[in-house]
Every structure is written in C-alpha cells, then in structure tokens.
>>> print(open('upload.txt').read())   # compact mmCIF, C-alpha atoms
# COMPACT_ATOMS: atom_id res chain seq x y z
CA MET A 2 116.70 103.59 47.09
CA ASP A 3 119.38 103.77 44.36
CA ASP A 4 121.78 100.86 44.02
CA GLY A 5 124.57 103.22 44.93
CA ASP A 6 122.94 103.81 48.34
CA THR A 7 122.43 100.14 49.15
CA GLU A 8 124.45 98.93 52.14
CA VAL A 9 126.44 95.78 51.50
CA ASP A 10 126.85 93.19 54.26
CA TYR A 11 130.44 92.30 53.47
CA ASP A 12 130.60 89.78 56.32
CA ALA A 13 127.67 87.81 54.92
CA LEU A 14 129.02 88.17 51.40
CA TYR A 15 132.41 86.81 52.42
CA ARG A 16 130.84 83.86 54.26
CA LEU A 17 128.81 83.11 51.14
CA LEU A 18 131.96 83.23 49.01
CA GLN A 19 133.86 81.03 51.44
CA ALA A 20 131.03 78.50 51.54
CA SER A 21 130.83 78.33 47.76
CA ASN A 22 134.52 77.45 47.77
CA ASN A 23 134.11 75.00 50.68
CA LYS A 24 136.36 77.21 52.79
CA CYS A 25 134.24 77.91 55.87
CA GLY A 26 136.20 78.79 59.01
CA LEU A 27 136.84 76.69 62.08
CA ASN A 28 133.83 75.19 63.90
CA SER A 29 131.50 75.92 60.99
CA TYR A 30 130.15 74.17 57.94
CA SER A 31 128.70 74.91 54.52
CA THR A 32 124.97 74.40 53.99
CA THR A 33 123.35 73.10 50.81
CA ASP A 34 122.46 76.68 49.85
CA SER A 35 126.12 77.71 50.21
CA GLN A 36 126.04 79.49 53.56
CA CYS A 37 128.68 79.22 56.27
CA VAL A 38 126.96 78.33 59.55
CA CYS A 39 128.53 77.95 62.99
CA ASP A 40 128.35 74.59 64.72
CA THR A 41 125.93 74.29 67.65
CA GLY A 42 127.33 76.11 70.67
CA TYR A 43 129.53 78.39 68.57
CA THR A 44 129.16 81.93 67.25
CA TRP A 45 131.01 84.25 64.89
CA GLU A 46 133.89 85.98 66.60
CA ASP A 47 134.66 89.67 66.35
CA TYR A 48 136.03 90.33 62.89
CA ALA A 49 139.27 92.14 63.68
CA ASP A 50 140.69 90.38 60.64
CA PRO A 51 138.24 90.78 57.71
CA LYS A 52 139.23 87.34 56.46
CA ASN A 53 138.99 85.55 59.81
CA PHE A 54 135.58 83.92 59.97
CA ASP A 55 136.29 81.23 62.53
CA CYS A 56 133.49 80.38 64.96
CA VAL A 57 134.27 80.51 68.67
CA GLN A 58 132.49 78.79 71.54
CA LYS A 59 129.49 80.75 72.75
CA THR A 60 129.54 81.82 76.41
CA CYS A 61 126.68 82.78 78.73
CA PRO A 62 126.61 85.23 81.68
CA ASP A 63 126.69 84.00 85.28
CA GLY A 64 123.54 82.12 86.26
CA TYR A 65 122.90 80.92 82.71
CA ILE A 66 123.75 77.83 80.70
CA LEU A 67 123.97 77.22 76.96
CA VAL A 68 121.17 74.91 75.78
CA SER A 69 120.37 74.44 72.08
CA ASN A 70 122.53 77.46 71.27
CA GLU A 71 120.51 79.66 73.66
CA CYS A 72 121.45 81.05 77.08
CA ILE A 73 118.80 80.14 79.66
CA SER A 74 118.78 80.24 83.48
CA HIS A 75 119.74 77.10 85.39
CA THR A 76 116.22 77.00 86.86
CA LYS A 77 114.69 77.09 83.37
CA ASN A 78 117.04 74.30 82.32
CA CYS A 79 115.93 72.19 85.31
CA GLU A 80 112.28 72.85 84.46
CA LYS A 81 112.90 71.39 81.00
CA SER A 82 113.79 68.08 82.63
CA PHE A 83 111.70 68.01 85.80
CA GLY A 84 108.77 70.40 85.31
CA VAL A 85 107.53 72.89 87.91
CA ASN A 86 108.47 73.41 91.58
CA VAL A 87 112.15 72.92 90.83
CA SER A 88 115.06 75.36 90.98
CA GLY A 89 118.55 75.25 89.54
CA VAL A 90 122.02 76.62 90.22
CA LYS A 91 125.38 76.15 88.54
CA GLY A 92 126.71 72.68 89.27
CA ASP A 93 129.84 70.71 88.48
CA ASN A 94 131.32 70.97 84.98
CA ASN A 95 129.06 73.99 84.35
CA ASN A 96 125.97 71.78 84.35
CA SER A 97 122.76 72.70 86.18
CA SER A 98 122.30 71.35 89.70
CA CYS A 99 118.55 70.87 90.27
CA SER A 100 116.61 70.71 93.53
CA CYS A 101 113.00 70.98 94.66
CA VAL A 102 111.73 74.28 96.06
CA ASP A 103 110.63 74.57 99.69
CA GLY A 104 107.60 72.43 100.45
CA TYR A 105 108.39 69.91 97.72
CA GLU A 106 110.53 66.79 97.45
CA TRP A 107 111.68 64.42 94.73
CA SER A 108 109.20 61.79 93.63
CA ALA A 109 110.09 58.15 94.20
CA ASP A 110 111.42 57.84 90.64
CA GLN A 111 113.32 61.15 90.90
CA THR A 112 111.57 62.54 87.80
CA LYS A 113 109.64 65.47 89.32
CA CYS A 114 109.09 67.49 92.48
CA VAL A 115 105.96 66.61 94.45
CA GLU A 116 104.38 68.23 97.48
CA LYS A 117 105.83 67.00 100.75
CA LYS A 118 103.51 64.80 102.72
CA VAL A 119 102.59 66.52 105.95
CA GLU A 120 100.77 65.56 109.09
CA VAL A 121 99.21 68.31 111.18
CA LEU A 122 98.08 67.58 114.73
CA GLY A 123 97.83 63.88 113.97
CA ILE A 124 95.69 64.45 110.87
CA SER A 125 97.01 62.71 107.76
CA ASN A 126 97.56 64.80 104.66
CA GLU A 127 94.77 62.90 102.90
CA ASN A 128 92.23 63.70 105.62
CA ARG A 129 93.48 67.27 105.78
CA MET A 130 92.81 67.77 102.07
CA GLU A 131 89.34 66.26 102.43
CA LYS A 132 88.53 68.75 105.18
CA ILE A 133 89.81 71.64 103.05
CA LYS A 134 87.76 70.57 100.03
CA SER A 135 84.68 70.10 102.19
CA PHE A 136 84.97 73.61 103.64
CA ILE A 137 85.44 75.14 100.18
CA GLU A 138 82.35 73.37 98.84
CA GLU A 139 80.25 74.52 101.80
CA GLU A 140 81.48 78.07 101.30
CA ARG A 141 80.77 77.86 97.58
CA LYS A 142 77.10 77.06 98.30
CA MET A 143 76.78 80.34 100.20
CA ILE A 144 78.05 82.58 97.41
CA ALA A 145 75.63 85.36 96.57
CA LYS A 146 75.54 87.19 93.25
CA ALA A 147 79.07 88.32 92.39
CA ASP A 148 79.80 92.00 93.01
CA LYS A 149 82.30 93.10 90.36
CA ALA A 150 83.05 96.49 91.93
CA LEU A 151 83.73 94.91 95.33
CA THR A 152 85.82 92.16 93.76
CA ASP A 153 87.94 94.72 91.92
CA ARG A 154 88.62 96.55 95.20
CA LEU A 155 89.66 93.31 96.90
CA THR A 156 91.85 92.00 94.09
CA GLY A 157 95.30 90.99 95.34
CA LYS A 158 94.30 91.22 99.00
CA ILE A 159 94.41 88.53 101.68
CA LEU A 160 91.02 88.34 103.42
CA LEU A 161 90.15 86.96 106.86
CA GLN A 162 86.61 85.83 107.66
CA VAL A 163 86.23 87.55 111.03
CA GLU A 164 82.73 86.15 111.56
CA GLY A 165 84.06 82.62 111.28
CA ARG A 166 87.33 81.23 112.57
CA GLY A 167 89.48 83.72 110.72
CA GLU A 168 89.65 81.61 107.56
CA ALA A 169 92.04 83.22 105.08
CA TRP A 170 91.54 83.74 101.35
CA TYR A 171 93.63 85.31 98.59
CA VAL A 172 91.92 87.11 95.69
CA ASN A 173 93.98 86.38 92.60
CA PRO A 174 94.42 89.48 90.36
CA LYS A 175 94.45 87.34 87.22
CA ASP A 176 91.09 85.56 87.46
CA LYS A 177 89.48 87.69 90.23
CA LYS A 178 88.66 84.53 92.19
CA ARG A 179 89.46 83.74 95.81
CA TYR A 180 91.64 80.86 96.94
CA TYR A 181 91.41 79.28 100.39
CA LEU A 182 94.60 79.54 102.45
CA ALA A 183 93.72 76.82 104.93
CA ASP A 184 97.08 76.83 106.71
CA GLY A 185 100.71 77.73 106.16
CA SER A 186 101.41 74.79 103.88
CA GLU A 187 98.36 75.43 101.71
CA ALA A 188 99.04 79.18 101.61
CA TYR A 189 102.62 78.54 100.50
CA ASN A 190 101.59 76.12 97.76
CA ILE A 191 98.76 78.28 96.42
CA MET A 192 100.84 81.44 96.38
CA ARG A 193 103.61 79.65 94.52
CA ASP A 194 101.13 78.17 92.03
CA LEU A 195 99.68 81.61 91.31
CA GLY A 196 103.03 83.40 91.09
CA VAL A 197 104.44 84.80 87.87
CA GLY A 198 108.10 84.97 86.91
CA ILE A 199 110.19 88.08 87.53
CA THR A 200 113.78 88.88 86.58
CA ASN A 201 116.39 89.72 89.20
CA GLU A 202 116.61 93.22 87.74
CA ASN A 203 112.89 93.91 88.14
CA LEU A 204 112.80 92.37 91.61
CA SER A 205 115.63 94.68 92.65
CA LYS A 206 113.68 97.59 91.20
CA MET A 207 110.63 96.52 93.24
CA ARG A 208 112.69 96.80 96.41
CA SER A 209 114.17 100.21 95.60
CA ASP A 210 111.29 101.96 93.82
CA LYS A 211 108.06 102.07 95.85
CA ASP A 212 106.07 103.68 93.05
CA PHE A 213 107.05 100.88 90.69
CA ALA A 214 106.28 98.23 93.32
CA LYS A 215 102.84 99.68 94.12
CA LYS A 216 101.83 99.22 90.49
CA HIS A 217 102.14 95.49 91.18
CA SER A 218 100.52 95.43 94.64
CA GLY A 219 98.77 92.19 95.46
CA LYS A 220 100.77 90.12 93.00
CA ILE A 221 103.04 87.17 93.71
CA PHE A 222 106.34 86.89 91.87
CA LEU A 223 108.77 84.00 91.42
CA GLN A 224 112.47 84.79 91.11
CA VAL A 225 113.01 82.62 88.03
CA GLU A 226 116.64 83.60 87.51
CA ASP A 227 117.56 82.23 90.93
CA ARG A 228 115.88 79.36 92.81
CA GLY A 229 112.27 80.31 92.13
CA GLN A 230 111.82 82.14 95.46
CA ALA A 231 108.32 83.57 95.92
CA TYR A 232 107.50 87.15 96.97
CA TYR A 233 104.19 88.82 97.76
CA ILE A 234 103.97 92.58 97.09
CA ASP A 235 101.73 94.30 99.65
CA PHE A 236 99.78 97.51 99.08
CA ASP A 237 102.53 99.65 100.61
CA GLY A 238 104.90 98.37 97.95
CA ASP A 239 106.86 96.07 100.27
CA ALA A 240 108.05 92.67 99.04
CA HIS A 241 107.54 89.76 101.47
CA TYR A 242 109.62 86.62 100.99
CA LEU A 243 107.52 83.45 101.17
CA LYS A 244 110.34 81.24 102.38
CA ASP A 245 108.14 78.34 103.50
CA GLY A 246 104.76 77.47 104.97
CA GLY A 247 105.57 79.17 108.27
CA ALA A 248 106.48 82.42 106.54
CA ALA A 249 103.38 82.26 104.34
CA TYR A 250 101.16 81.73 107.41
CA THR A 251 102.73 84.69 109.23
CA ILE A 252 102.31 86.96 106.21
CA MET A 253 98.68 86.03 105.62
CA ARG A 254 97.88 86.74 109.29
CA GLU A 255 99.81 90.01 109.46
CA LEU A 256 98.56 91.39 106.14
CA GLY A 257 95.06 89.88 106.20
CA LEU A 258 92.09 92.23 105.95
CA GLY A 259 89.05 91.38 108.08
CA ILE A 260 85.85 90.98 106.08
CA ALA A 261 82.24 90.09 106.87
CA ASN A 262 80.72 86.91 105.46
CA ASP A 263 78.12 88.86 103.47
CA ASP A 264 80.88 90.71 101.64
CA ILE A 265 83.33 87.88 101.02
CA ARG A 266 80.52 85.76 99.61
CA LYS A 267 80.15 88.28 96.81
CA VAL A 268 83.55 87.18 95.50
CA GLY A 269 83.69 83.97 93.48
CA ILE A 270 85.74 80.93 94.49
CA ALA A 271 88.24 79.38 92.10
CA GLU A 272 87.43 75.94 90.72
>>> encode(input="upload.txt", output="structure tokens")
Amino acid sequence: MDDGDTEVDYDALYRLLQASNNKCGLNSYSTTDSQCVCDTGYTWEDYADPKNFDCVQKTCPDGYILVSNECISHTKNCEKSFGVNVSGVKGDNNNSSCSCVDGYEWSADQTKCVEKKVEVLGISNENRMEKIKSFIEEERKMIAKADKALTDRLTGKILLQVEGRGEAWYVNPKDKKRYYLADGSEAYNIMRDLGVGITNENLSKMRSDKDFAKKHSGKIFLQVEDRGQAYYIDFDGDAHYLKDGGAAYTIMRELGLGIANDDIRKVGIAE
C-alpha cells in the first residue's frame, strides 16, 4: 500500500503527542514509552472535541460489575471470591451480593458454599453417602463390555432400571458415562455439577426456538448471568427448571426412560 493510502489514527497520534508533552487528559497518565493511558476503571470518552482526551468512568450494563477494568456478571464476581455453587446479584453501593445456590449453605468460616447436610428417613447424610457408593460399586462390577452405539443413543437421557427398584441414572453427553441419581438431593447436585454455562440470550432462544433447543437435548445448562439456575433440556426441546432436590426428583421420574439391566450395564459408570 502506498504511503498516501495509509490510514492515520489521529486519536492515537494526538494521545502520543500529549503524553510526550506530559499533557494527558483527566483520569489518565503517561507511560514510560510516552503513551496516554486511562486509569483503572476509566475509558476514553467520545471525541466530540478532537482535543478533548479526558478519560471517563467506565460503566457496565445491568447485571454486571466492573472488576479489573472488565465488565463481568455478579455471579462471576462472587465465584472469584467463593468458588462454585454461589450466585450473585447487585447489592448495596453497586457491589455484588453473594449467596449459595439451592441445596448449598455457607461453610462455618463463610468462605465457600458447601452441600447442605440432610437426613432422610432417619438416615444420616454420612450413612446415606455410604449406601450410594456401595450401590454404585456393586453396579460397576456388573458392567459388561461397553456398547458405543447404544451409549450414543442414550446420551443425555435419564434412565430407570425397571428390573430393579427404579434406580435412576443420567448419561452425561460430555463423557458418555452414567451418573447415579439416588434421590432428589443427589440428582440436583449431580445435574448442577455437570451443567454448563448459558447466557440469558441463549436461554431465551431455547425457550422460543424448539429447533435450536433440540440441538441441545439432554444437556444441562446453568444461567450464569443470573443466579446460576439449572435447566435440563428434554428431547422435545422443553427446558425444565431444576429449582431444588424435589424438582430434580420429579423431573427424573417424569422424563426417565425404562431400561433393562442387560442394556444399562453396557454403559460405563463415571468414576
């Protein structure tokens, strides 16, 4: 390209000139290589006046907060401090107000969200988990040679062992392994653990566009721009809100597909 055709970035050129003369605008500073740079949390304003290069405070859209000069959701900001299983909303003074998602509570030191301790029919949570692990190990011993074609057909589905006591399993599309949904609480926790983030825009599209939703059948999504709500997309393209353990239990029973032991034991179990 000829020099005469080269586009000149006059804004950058002016900032360079200002910096070299130590005349950067408001809320900005000159770097060692003579560049005008906005202070953290500020950005260049619209240049209505070609000689006005003041920096103005950066703003974020609703539901977002400015962190390290980047707009992120309140939930993402809470996750930076407290890890997973936490959600965030706008709080006082435009800070993020953080809380644990359904089924979780603050740890004793208030540094993370931990699974709520439950007691079912007089069985302590510790004994309950031992029973769940024991059943999984017994089932693992009965696994026959994996059937890839069958596994692919069952991916994303909730399966019920009709020859047993109706034990429920979810076949995760990502690793093609099945996960034991022992009860509502376990189903809720597993489905949340296996969920992937989705924007509000795409979740809205899921609800209004069946063809789009069906492309994601069998997947679990977490509404990361809100409070991390979990949704399961069934094979008709409907989104089911996993509000809590009770909702998860109802969904796995209503949408579960009966399967014989010989067939389900051709699908591997997650470690």
>>> atom_distance(input="upload.txt", atom1="CA of Ala249 (chain A)", atom2="CA of Asn190 (chain A)")
9.2 Å
>>> residues_around(input="upload.txt", residues="Gly247 (chain A)", least_positions_apart="5", cutoff="9 Å", atoms="all atoms listed in the file", output="MDAnalysis selection string")
chainID A and resid 184:186 189 252
>>> write_last_selection(input="upload.txt", atoms="C-alpha atoms", output="JSON list (two decimals), keeping the file's coordinate frame")
[["chain", "number", "residue", "atom", "x", "y", "z"],
["A", 184, "ASP", "CA", 97.08, 76.83, 106.71],
["A", 185, "GLY", "CA", 100.71, 77.73, 106.16],
["A", 186, "SER", "CA", 101.41, 74.79, 103.88],
["A", 189, "TYR", "CA", 102.62, 78.54, 100.50],
["A", 252, "ILE", "CA", 102.31, 86.96, 106.21]]
>>> closest_residue(input="upload.txt", among="A:Gly196, A:Gly104, A:Gly92, A:Gly64", to="Ile234 (chain A)", atoms="all atoms listed in the file")
A:Gly196
>>> atom_distance(input="upload.txt", atom1="CA of Lys142 (chain A)", atom2="CA of Ile270 (chain A)")
10.2 Å
>>> closest_residue(input="upload.txt", among="A:Val38, A:Ala231, A:Leu195, A:Met130", to="Val102 (chain A)", atoms="all atoms listed in the file")
A:Ala231
>>> closest_residue(input="upload.txt", among="A:Asp210, A:Glu131, A:Glu116, A:Asp263", to="Ile144 (chain A)", atoms="all atoms listed in the file")
A:Asp263
